[in-house]
Amino acid sequence: MIDLALAALLGLVAGSFASAVSYRLPRGLPMVAARSACPQCGRALAPLDLVPLLSWAANRGRCRHCGAGVSWRYPLTEVAAAAAFVLIAWAEGSWLTAGLLMVVATLLITAAVIDLEFGILPDKLHIAVAPFALAYRWLLDATLLPALLGAGAGYAAGLALLYGFKLMTGREGLGRGDVKFLAVAGLLLQPEQWVAFPLIAGVAGVTTGLLWRASGRGAEFPFGPALIGALFVCLLLPGNTLGTLGE
């Protein structure tokens, strides 16, 4: 049995990493060379400023040096990663498969945060997920053929949705990053999980769109977080539950 408390702690650390990467990657900042610093005053952050969740709470959501507010995106990302790690640990029977999914979760949470802020799903994160997804499927199937076929089917489905919606409405219903993400999803999802995936993604997408409009951000919204959430629901729910959803 995987220790859920340990999974939560690892998730908080992974969430801190995801927060840093989601801030630096779309802005073209160095990933590892530069020390973390307050974006307002530029002061480098000490190790005590970087303890996941606790540092933010202890400093009351403000920079310890200049008093500027620290975005809620940081603690929320850390909590989301901790929750994802606990669910993965609960669903998986071994640390090996759980560890692979935890890495995938960290990278995709990073992608979701970037999509919410910038409206893009970076190719670099798709590429980074691929080897861990393939390793996960190899452990499940002892062959990579189903994963590769799934990736091809996911990409083809994404292109069909992209151009089909554009043909009917004159607008693109999916972003290019969403299409590539469907190929990544195909690496991870088994055939029976694909049955429920469109339904869950659709419900999540509608919910995201309604919340996005209610917040006054306009009609166009990032679909990536809904796709990512649906992917993990399908990966972690038991197969018989997914079968019921797909009926």
# chains A, B, ... in the order shown; residues from 1 in each chain; ligands from 1
>>> closest_atom_pairs(of="range 184-241 of chain A", to="range 93-117 of chain A", cutoff="9 Å", atoms="only C-alpha atoms", output="CSV")
residue,atom,partner,partner_atom,distance
A:Phe221,CA,A:Leu116,CA,8.1
A:Pro222,CA,A:Leu116,CA,6.0
A:Phe223,CA,A:Asp115,CA,8.1
A:Gly224,CA,A:Ala112,CA,6.0
A:Pro225,CA,A:Ala112,CA,4.8
A:Ala226,CA,A:Ala112,CA,8.6
A:Ile228,CA,A:Leu108,CA,6.8
A:Phe232,CA,A:Ala105,CA,8.2
>>> write_last_selection(atoms="N, CA, C and O atoms", output="mmCIF file, in the first residue's frame")
data_model
loop_
_atom_site.group_PDB
_atom_site.id
_atom_site.type_symbol
_atom_site.label_atom_id
_atom_site.label_comp_id
_atom_site.auth_asym_id
_atom_site.auth_seq_id
_atom_site.Cartn_x
_atom_site.Cartn_y
_atom_site.Cartn_z
ATOM 1 N N PHE A 221 -12.136 30.418 -24.095
ATOM 2 C CA PHE A 221 -11.511 29.947 -22.867
ATOM 3 C C PHE A 221 -10.543 28.803 -23.179
ATOM 4 O O PHE A 221 -10.693 28.114 -24.192
ATOM 5 N N PRO A 222 -9.552 28.575 -22.319
ATOM 6 C CA PRO A 222 -8.602 27.479 -22.543
ATOM 7 C C PRO A 222 -9.256 26.135 -22.261
ATOM 8 O O PRO A 222 -9.842 25.933 -21.187
ATOM 9 N N PHE A 223 -9.165 25.225 -23.218
ATOM 10 C CA PHE A 223 -9.785 23.911 -23.089
ATOM 11 C C PHE A 223 -8.825 22.886 -22.490
ATOM 12 O O PHE A 223 -9.236 21.816 -22.050
ATOM 13 N N GLY A 224 -7.523 23.228 -22.463
ATOM 14 C CA GLY A 224 -6.522 22.291 -21.982
ATOM 15 C C GLY A 224 -6.777 21.765 -20.583
ATOM 16 O O GLY A 224 -6.702 20.541 -20.351
ATOM 17 N N PRO A 225 -7.073 22.626 -19.586
ATOM 18 C CA PRO A 225 -7.325 22.109 -18.234
ATOM 19 C C PRO A 225 -8.460 21.096 -18.171
ATOM 20 O O PRO A 225 -8.392 20.128 -17.409
ATOM 21 N N ALA A 226 -9.518 21.306 -18.968
ATOM 22 C CA ALA A 226 -10.625 20.347 -18.997
ATOM 23 C C ALA A 226 -10.166 19.008 -19.568
ATOM 24 O O ALA A 226 -10.520 17.937 -19.045
ATOM 25 N N ILE A 228 -7.092 17.836 -19.578
ATOM 26 C CA ILE A 228 -6.148 17.234 -18.633
ATOM 27 C C ILE A 228 -6.899 16.610 -17.455
ATOM 28 O O ILE A 228 -6.596 15.488 -17.018
ATOM 29 N N PHE A 232 -7.117 12.419 -16.388
ATOM 30 C CA PHE A 232 -6.783 11.785 -15.115
ATOM 31 C C PHE A 232 -7.989 11.111 -14.470
ATOM 32 O O PHE A 232 -7.838 10.100 -13.783
#
>>> residues_around(residues="range 59-70 of chain A", least_positions_apart="2", cutoff="7 Å", atoms="only C-alpha atoms", output="ChimeraX atom specification")
/A:38,40-41,55-57,72
>>> residues_around(residues="range 171-183 of chain A", least_positions_apart="6", cutoff="9 Å", atoms="only C-alpha atoms", output="JSON, numbers by chain")
{"A": [119, 120, 121, 122, 123, 126, 148, 150, 151, 152, 153, 154, 155, 156, 157, 158, 159, 161, 162, 163, 164, 165, 222, 223, 224, 227, 228]}
>>> atom_distance(atom1="CA of Cys234 in chain A", atom2="CA of Tyr74 in chain A")
26.2 Å
>>> atom_distance(atom1="CA of Pro39 in chain A", atom2="CA of Leu9 in chain A")
26.1 Å
